[in-house]
Amino acid sequence: MKKFCSLVIAIAVAFGCMATTASAAAGFVDVPSDAYYAKAVSWAVTMGVTAGVGDNMFAPDDTCTRAQAVAMLWRLAGRINCGTSSFVDVPSDAYYAEAVAWAAEKGVTEGIGDNMFGPDETCTRAQIVSFIWRARGYIEPDSMDSRFVDVPSDAYYAKAVAWAVENGVTEGVGDNMFAPDDYCTRAQIVSFLCRADQINEVRPEPQPEPQPPVTPEEAAEIMLGYVNDLRAEVYGSHEYDLKLDPKLVELAQIRAGEISKNFSHSGGTFTNAGENICMGFLPIKGQFDAWLNSPGHKANMLTKEYKYFGYGLYGANGEYGVQLFWTDWHRDGYFTSNQSQ
């Protein structure tokens, strides 16, 4: 049980904002259950993005520094170790050092000039939306009309704000204003992060083109190759490659059928260490790319503790996809509990 508990944060990565409730943040005495940010705070705690400020307080109205904002985004991305950054104002032993190194390597930030990151400067609304947009891959918005009168079309953050509006990350502060230079509060930041992490949970228009027929085992082998290549790219070797487990492939097929009736992480007939689900994306590469572009789902694919992998499809074009992950503990537990069946 101790080993299982140590994996709770990694397991929760696949669940997303909409799967949590306000009750998960009930420990914070300063987070009313009916506050607009209550579910986002619950999600952030579950995902390991933040643990509050102490004394059962979250401090939703406090502003965030640039270091704190980047640290939250880094934790959501899976706490990937990218060494150290070249910023002269980021000590190597600072709690945010790895986060800033990751952000610099991934193009999330270039600092504030003169080889400085400005970790103690307060993060603005324009900066955090830009950080999130870049972390998502600099996705071009469909339109540059963000409707905000205070967002010039040539501002460095204009594309980020337009993308955020299109995807429901922000609606502004009212009166057609975004307030880009206002300081961002902790409540606003976790709300932005939570909404952004849900973008790939929204079903796109189904693509009708059929895929070449493959068996479930072949499909799982192809998906496993994508996942292991990702892990090798991040960790520098194939030391943490997952192994395909035939039973987990079978269970993933069952789960794919289940989510076609109830698209949710809850309600499954068995327990796994981790799970990614999607619908509306063509297999196999299309589903992998969808998970890759979602920080929470990507983190699930990168969790080192996971050893075994399964992948299943369901639907006329395989539009329902499921990745399942087991640790040694989960695999042994499954076969022990089912050995008499």
# chains A, B, ... in the order shown; residues from 1 in each chain; ligands from 1
$ select_by_dssp --residues "stretch 155-320 of chain A" --states "alpha helix (DSSP H)" --output "VMD selection string"
chain A and resid 158 to 166 186 to 197 216 to 235 246 to 261 285 to 292 295 to 302
$ closest_residue --among "A:Ala59, A:Val70, A:Met301, A:Ala104" --to "A:Ala232" --atoms "only C-alpha atoms"
A:Met301
$ closest_residue --among "A:Val41, A:Val169, A:Ala71, A:Ala220" --to "A:Ala94" --atoms "only C-alpha atoms"
A:Ala71
$ closest_residue --among "A:Val45, A:Cys123, A:Gly257, A:Asn293" --to "A:Ile139" --atoms "only C-alpha atoms"
A:Asn293
$ closest_atom_pairs --of "stretch 145-181 of chain A" --to "stretch 190-196 of chain A" --cutoff "12 Å" --atoms "only C-alpha atoms" --output "tab-separated table"
residue	atom	partner	partner_atom	distance
A:Ala160	CA	A:Ala196	CA	11.7
A:Val161	CA	A:Phe192	CA	11.4
A:Trp163	CA	A:Ala196	CA	10.2
A:Ala164	CA	A:Ala196	CA	7.9
A:Val165	CA	A:Ala196	CA	10.6
A:Glu166	CA	A:Ala196	CA	10.9
A:Asn167	CA	A:Ala196	CA	7.6
A:Gly168	CA	A:Arg195	CA	6.9
A:Val169	CA	A:Arg195	CA	5.2
A:Thr170	CA	A:Phe192	CA	6.8
A:Glu171	CA	A:Phe192	CA	10.4
A:Gly172	CA	A:Phe192	CA	11.2
$ residues_around --residues "A:Val227" --least-positions-apart "5" --cutoff "9 Å" --atoms "only C-alpha atoms" --output "VMD selection string"
chain A and resid 222 232 241 to 242 288 301 to 302
$ write_last_selection --atoms "all heavy atoms" --output "PDB file, in the first residue's frame"
ATOM      1  N   ILE A 222       2.673  -0.539 -32.107  1.00  0.00           N
ATOM      2  CA  ILE A 222       2.974   0.741 -32.757  1.00  0.00           C
ATOM      3  C   ILE A 222       2.924   1.876 -31.736  1.00  0.00           C
ATOM      4  O   ILE A 222       3.818   2.728 -31.680  1.00  0.00           O
ATOM      5  CB  ILE A 222       1.989   1.000 -33.907  1.00  0.00           C
ATOM      6  CG1 ILE A 222       2.172  -0.055 -35.010  1.00  0.00           C
ATOM      7  CG2 ILE A 222       2.192   2.402 -34.484  1.00  0.00           C
ATOM      8  CD1 ILE A 222       1.088  -0.016 -36.077  1.00  0.00           C
ATOM      9  N   ALA A 232      12.677   7.848 -24.266  1.00  0.00           N
ATOM     10  CA  ALA A 232      14.111   7.847 -24.548  1.00  0.00           C
ATOM     11  C   ALA A 232      14.600   9.254 -24.867  1.00  0.00           C
ATOM     12  O   ALA A 232      15.710   9.653 -24.469  1.00  0.00           O
ATOM     13  CB  ALA A 232      14.420   6.907 -25.703  1.00  0.00           C
ATOM     14  N   ASP A 241      12.223   2.190 -20.883  1.00  0.00           N
ATOM     15  CA  ASP A 241      11.245   1.683 -21.844  1.00  0.00           C
ATOM     16  C   ASP A 241      10.167   0.857 -21.143  1.00  0.00           C
ATOM     17  O   ASP A 241      10.456   0.083 -20.208  1.00  0.00           O
ATOM     18  CB  ASP A 241      11.921   0.798 -22.890  1.00  0.00           C
ATOM     19  CG  ASP A 241      12.522   1.615 -24.034  1.00  0.00           C
ATOM     20  OD1 ASP A 241      12.512   2.852 -23.936  1.00  0.00           O
ATOM     21  OD2 ASP A 241      12.993   0.999 -25.006  1.00  0.00           O
ATOM     22  N   LEU A 242       8.931   1.019 -21.584  1.00  0.00           N
ATOM     23  CA  LEU A 242       7.829   0.199 -21.098  1.00  0.00           C
ATOM     24  C   LEU A 242       7.810  -1.137 -21.822  1.00  0.00           C
ATOM     25  O   LEU A 242       8.289  -1.252 -22.951  1.00  0.00           O
ATOM     26  CB  LEU A 242       6.507   0.930 -21.340  1.00  0.00           C
ATOM     27  CG  LEU A 242       6.311   2.261 -20.611  1.00  0.00           C
ATOM     28  CD1 LEU A 242       5.099   2.989 -21.166  1.00  0.00           C
ATOM     29  CD2 LEU A 242       6.152   2.037 -19.120  1.00  0.00           C
ATOM     30  N   PHE A 288      -1.781   9.519 -30.162  1.00  0.00           N
ATOM     31  CA  PHE A 288      -0.528   9.802 -29.458  1.00  0.00           C
ATOM     32  C   PHE A 288      -0.240  11.296 -29.444  1.00  0.00           C
ATOM     33  O   PHE A 288       0.130  11.864 -28.408  1.00  0.00           O
ATOM     34  CB  PHE A 288       0.632   9.047 -30.114  1.00  0.00           C
ATOM     35  CG  PHE A 288       1.984   9.425 -29.575  1.00  0.00           C
ATOM     36  CD1 PHE A 288       2.432   8.920 -28.360  1.00  0.00           C
ATOM     37  CD2 PHE A 288       2.806  10.306 -30.275  1.00  0.00           C
ATOM     38  CE1 PHE A 288       3.681   9.288 -27.847  1.00  0.00           C
ATOM     39  CE2 PHE A 288       4.041  10.673 -29.770  1.00  0.00           C
ATOM     40  CZ  PHE A 288       4.482  10.158 -28.553  1.00  0.00           C
ATOM     41  N   MET A 301       2.664   9.461 -19.690  1.00  0.00           N
ATOM     42  CA  MET A 301       3.492   8.631 -20.564  1.00  0.00           C
ATOM     43  C   MET A 301       4.958   8.635 -20.144  1.00  0.00           C
ATOM     44  O   MET A 301       5.718   7.750 -20.534  1.00  0.00           O
ATOM     45  CB  MET A 301       3.363   9.103 -22.015  1.00  0.00           C
ATOM     46  CG  MET A 301       1.987   8.866 -22.622  1.00  0.00           C
ATOM     47  SD  MET A 301       1.915   9.127 -24.430  1.00  0.00           S
ATOM     48  CE  MET A 301       2.012  10.935 -24.521  1.00  0.00           C
ATOM     49  N   LEU A 302       5.348   9.632 -19.337  1.00  0.00           N
ATOM     50  CA  LEU A 302       6.754   9.763 -18.949  1.00  0.00           C
ATOM     51  C   LEU A 302       7.050   9.286 -17.526  1.00  0.00           C
ATOM     52  O   LEU A 302       8.198   9.338 -17.095  1.00  0.00           O
ATOM     53  CB  LEU A 302       7.188  11.228 -19.085  1.00  0.00           C
ATOM     54  CG  LEU A 302       7.302  11.755 -20.519  1.00  0.00           C
ATOM     55  CD1 LEU A 302       7.576  13.251 -20.508  1.00  0.00           C
ATOM     56  CD2 LEU A 302       8.399  11.027 -21.274  1.00  0.00           C
TER      57      LEU A 302
END
$ closest_residue --among "A:Arg136, A:Tyr314, A:Tyr334, A:Asp328" --to "A:Asp289" --atoms "only C-alpha atoms"
A:Arg136
$ residues_around --residues "A:Thr84" --least-positions-apart "3" --cutoff "10 Å" --atoms "only C-alpha atoms" --output "ChimeraX atom specification"
/A:81,87,90-93,97-102,104-105
$ residues_around --residues "A:Tyr240" --least-positions-apart "4" --cutoff "10 Å" --atoms "only C-alpha atoms" --output "ChimeraX atom specification"
/A:228,231-232,235-236,302-307
$ write_last_selection --atoms "all heavy atoms" --output "mmCIF file, in the first residue's frame"
data_model
loop_
_atom_site.group_PDB
_atom_site.id
_atom_site.type_symbol
_atom_site.label_atom_id
_atom_site.label_comp_id
_atom_site.auth_asym_id
_atom_site.auth_seq_id
_atom_site.Cartn_x
_atom_site.Cartn_y
_atom_site.Cartn_z
ATOM 1 N N ASN A 228 7.777 4.830 -26.109
ATOM 2 C CA ASN A 228 9.156 4.559 -25.693
ATOM 3 C C ASN A 228 10.150 5.511 -26.361
ATOM 4 O O ASN A 228 11.169 5.880 -25.762
ATOM 5 C CB ASN A 228 9.526 3.107 -25.971
ATOM 6 C CG ASN A 228 8.998 2.177 -24.891
ATOM 7 O OD1 ASN A 228 8.675 2.612 -23.787
ATOM 8 N ND2 ASN A 228 8.902 0.889 -25.197
ATOM 9 N N ARG A 231 9.976 8.604 -24.232
ATOM 10 C CA ARG A 231 10.685 8.431 -22.961
ATOM 11 C C ARG A 231 12.202 8.473 -23.174
ATOM 12 O O ARG A 231 12.937 9.075 -22.386
ATOM 13 C CB ARG A 231 10.257 7.113 -22.303
ATOM 14 C CG ARG A 231 8.811 7.137 -21.823
ATOM 15 C CD ARG A 231 8.285 5.738 -21.507
ATOM 16 N NE ARG A 231 8.791 5.194 -20.262
ATOM 17 C CZ ARG A 231 8.169 5.282 -19.089
ATOM 18 N NH1 ARG A 231 7.021 5.931 -18.992
ATOM 19 N NH2 ARG A 231 8.696 4.726 -18.012
ATOM 20 N N ALA A 232 12.677 7.848 -24.266
ATOM 21 C CA ALA A 232 14.111 7.847 -24.548
ATOM 22 C C ALA A 232 14.600 9.254 -24.867
ATOM 23 O O ALA A 232 15.710 9.653 -24.469
ATOM 24 C CB ALA A 232 14.420 6.907 -25.703
ATOM 25 N N TYR A 235 14.624 11.126 -21.368
ATOM 26 C CA TYR A 235 15.538 10.625 -20.351
ATOM 27 C C TYR A 235 16.923 10.269 -20.894
ATOM 28 O O TYR A 235 17.794 9.862 -20.133
ATOM 29 C CB TYR A 235 14.927 9.412 -19.650
ATOM 30 C CG TYR A 235 13.655 9.756 -18.906
ATOM 31 C CD1 TYR A 235 12.451 9.109 -19.190
ATOM 32 C CD2 TYR A 235 13.642 10.760 -17.948
ATOM 33 C CE1 TYR A 235 11.279 9.441 -18.517
ATOM 34 C CE2 TYR A 235 12.489 11.102 -17.277
ATOM 35 C CZ TYR A 235 11.312 10.435 -17.563
ATOM 36 O OH TYR A 235 10.148 10.773 -16.900
ATOM 37 N N GLY A 236 17.123 10.418 -22.205
ATOM 38 C CA GLY A 236 18.453 10.246 -22.776
ATOM 39 C C GLY A 236 18.852 8.826 -23.103
ATOM 40 O O GLY A 236 19.970 8.591 -23.582
ATOM 41 N N LEU A 302 5.348 9.632 -19.337
ATOM 42 C CA LEU A 302 6.754 9.763 -18.949
ATOM 43 C C LEU A 302 7.050 9.286 -17.526
ATOM 44 O O LEU A 302 8.198 9.338 -17.095
ATOM 45 C CB LEU A 302 7.188 11.228 -19.085
ATOM 46 C CG LEU A 302 7.302 11.755 -20.519
ATOM 47 C CD1 LEU A 302 7.576 13.251 -20.508
ATOM 48 C CD2 LEU A 302 8.399 11.027 -21.274
ATOM 49 N N THR A 303 6.045 8.843 -16.795
ATOM 50 C CA THR A 303 6.260 8.453 -15.404
ATOM 51 C C THR A 303 7.213 7.259 -15.312
ATOM 52 O O THR A 303 6.935 6.185 -15.858
ATOM 53 C CB THR A 303 4.919 8.107 -14.735
ATOM 54 O OG1 THR A 303 4.078 9.265 -14.756
ATOM 55 C CG2 THR A 303 5.131 7.657 -13.294
ATOM 56 N N LYS A 304 8.316 7.444 -14.621
ATOM 57 C CA LYS A 304 9.353 6.406 -14.565
ATOM 58 C C LYS A 304 8.892 5.146 -13.845
ATOM 59 O O LYS A 304 9.363 4.039 -14.150
ATOM 60 C CB LYS A 304 10.601 6.958 -13.865
ATOM 61 C CG LYS A 304 11.370 7.990 -14.669
ATOM 62 C CD LYS A 304 12.616 8.429 -13.911
ATOM 63 C CE LYS A 304 13.415 9.450 -14.693
ATOM 64 N NZ LYS A 304 14.627 9.889 -13.943
ATOM 65 N N GLU A 305 7.992 5.300 -12.866
ATOM 66 C CA GLU A 305 7.573 4.131 -12.086
ATOM 67 C C GLU A 305 6.783 3.116 -12.918
ATOM 68 O O GLU A 305 6.693 1.947 -12.557
ATOM 69 C CB GLU A 305 6.721 4.571 -10.891
ATOM 70 C CG GLU A 305 7.497 5.286 -9.796
ATOM 71 C CD GLU A 305 7.615 6.775 -10.053
ATOM 72 O OE1 GLU A 305 7.236 7.221 -11.160
ATOM 73 O OE2 GLU A 305 8.072 7.484 -9.149
ATOM 74 N N TYR A 306 6.212 3.556 -14.015
ATOM 75 C CA TYR A 306 5.432 2.638 -14.846
ATOM 76 C C TYR A 306 6.367 1.694 -15.604
ATOM 77 O O TYR A 306 7.368 2.118 -16.174
ATOM 78 C CB TYR A 306 4.557 3.401 -15.828
ATOM 79 C CG TYR A 306 3.515 4.280 -15.182
ATOM 80 C CD1 TYR A 306 2.933 5.333 -15.890
ATOM 81 C CD2 TYR A 306 3.111 4.072 -13.861
ATOM 82 C CE1 TYR A 306 1.973 6.146 -15.308
ATOM 83 C CE2 TYR A 306 2.161 4.873 -13.271
ATOM 84 C CZ TYR A 306 1.595 5.915 -13.996
ATOM 85 O OH TYR A 306 0.655 6.713 -13.419
ATOM 86 N N LYS A 307 6.012 0.409 -15.624
ATOM 87 C CA LYS A 307 6.846 -0.618 -16.263
ATOM 88 C C LYS A 307 6.118 -1.323 -17.413
ATOM 89 O O LYS A 307 6.768 -1.787 -18.349
ATOM 90 C CB LYS A 307 7.259 -1.659 -15.225
ATOM 91 C CG LYS A 307 8.046 -1.101 -14.046
ATOM 92 C CD LYS A 307 9.391 -0.574 -14.462
ATOM 93 C CE LYS A 307 10.178 -0.050 -13.253
ATOM 94 N NZ LYS A 307 10.462 -1.095 -12.259
#
$ residues_around --residues "A:Ala256" --least-positions-apart "6" --cutoff "7 Å" --atoms "only C-alpha atoms" --output "list in words"
Gly312, Leu313, Tyr314, Tyr320, Gly321 and Val322 of chain A
$ write_last_selection --atoms "N, CA, C and O atoms" --output "CSV table (one decimal), in the first residue's frame"
chain,number,residue,atom,x,y,z
A,312,GLY,N,-5.6,0.2,-26.3
A,312,GLY,CA,-6.8,-0.4,-26.9
A,312,GLY,C,-7.6,0.6,-27.7
A,312,GLY,O,-7.5,1.8,-27.4
A,313,LEU,N,-8.4,0.1,-28.7
A,313,LEU,CA,-9.2,1.0,-29.5
A,313,LEU,C,-10.6,0.5,-29.6
A,313,LEU,O,-10.9,-0.7,-29.3
A,314,TYR,N,-11.5,1.4,-29.9
A,314,TYR,CA,-12.9,1.0,-30.1
A,314,TYR,C,-13.6,2.0,-31.0
A,314,TYR,O,-13.2,3.2,-31.1
A,320,TYR,N,-12.0,5.8,-30.3
A,320,TYR,CA,-11.9,5.8,-28.9
A,320,TYR,C,-10.6,5.1,-28.6
A,320,TYR,O,-10.4,3.9,-29.0
A,321,GLY,N,-9.7,5.8,-27.9
A,321,GLY,CA,-8.4,5.2,-27.5
A,321,GLY,C,-8.1,5.2,-26.1
A,321,GLY,O,-8.5,6.2,-25.4
A,322,VAL,N,-7.4,4.2,-25.6
A,322,VAL,CA,-7.0,4.1,-24.2
A,322,VAL,C,-5.6,3.6,-24.0
A,322,VAL,O,-5.2,2.6,-24.7
$ residues_around --residues "A:Leu244" --least-positions-apart "6" --cutoff "9 Å" --atoms "only C-alpha atoms" --output "short mmCIF file (atom, residue, chain, number, x, y, z; two decimals) with N, CA and C atoms, in the first residue's frame"
data_model
loop_
_atom_site.label_atom_id
_atom_site.label_comp_id
_atom_site.auth_asym_id
_atom_site.auth_seq_id
_atom_site.Cartn_x
_atom_site.Cartn_y
_atom_site.Cartn_z
N ALA A 220 -1.08 -1.91 -30.48
CA ALA A 220 -0.39 -1.66 -29.22
C ALA A 220 1.12 -1.57 -29.41
N GLU A 221 1.66 -2.41 -30.28
CA GLU A 221 3.10 -2.36 -30.56
C GLU A 221 3.50 -1.03 -31.18
N LEU A 224 3.26 1.66 -28.50
CA LEU A 224 4.36 1.49 -27.56
C LEU A 224 5.64 2.08 -28.12
N LYS A 307 6.01 0.41 -15.62
CA LYS A 307 6.85 -0.62 -16.26
C LYS A 307 6.12 -1.32 -17.41
N TYR A 308 4.79 -1.41 -17.34
CA TYR A 308 4.03 -2.20 -18.32
C TYR A 308 2.98 -1.33 -19.00
N PHE A 309 2.67 -1.69 -20.24
CA PHE A 309 1.85 -0.83 -21.08
C PHE A 309 0.82 -1.64 -21.86
N GLY A 310 -0.34 -1.04 -22.03
CA GLY A 310 -1.37 -1.61 -22.90
C GLY A 310 -2.09 -0.50 -23.64
N TYR A 311 -2.59 -0.80 -24.82
CA TYR A 311 -3.29 0.19 -25.63
C TYR A 311 -4.45 -0.50 -26.32
#
$ select_by_dssp --residues "stretch 122-296 of chain A" --states "strand (DSSP E or B)" --output "VMD selection string"
chain A and resid 122 124 174 177 183 185 243 to 244 274 to 279
$ atom_distance --atom1 "atom CA of A:Leu76" --atom2 "atom CA of A:Met47"
6.9 Å
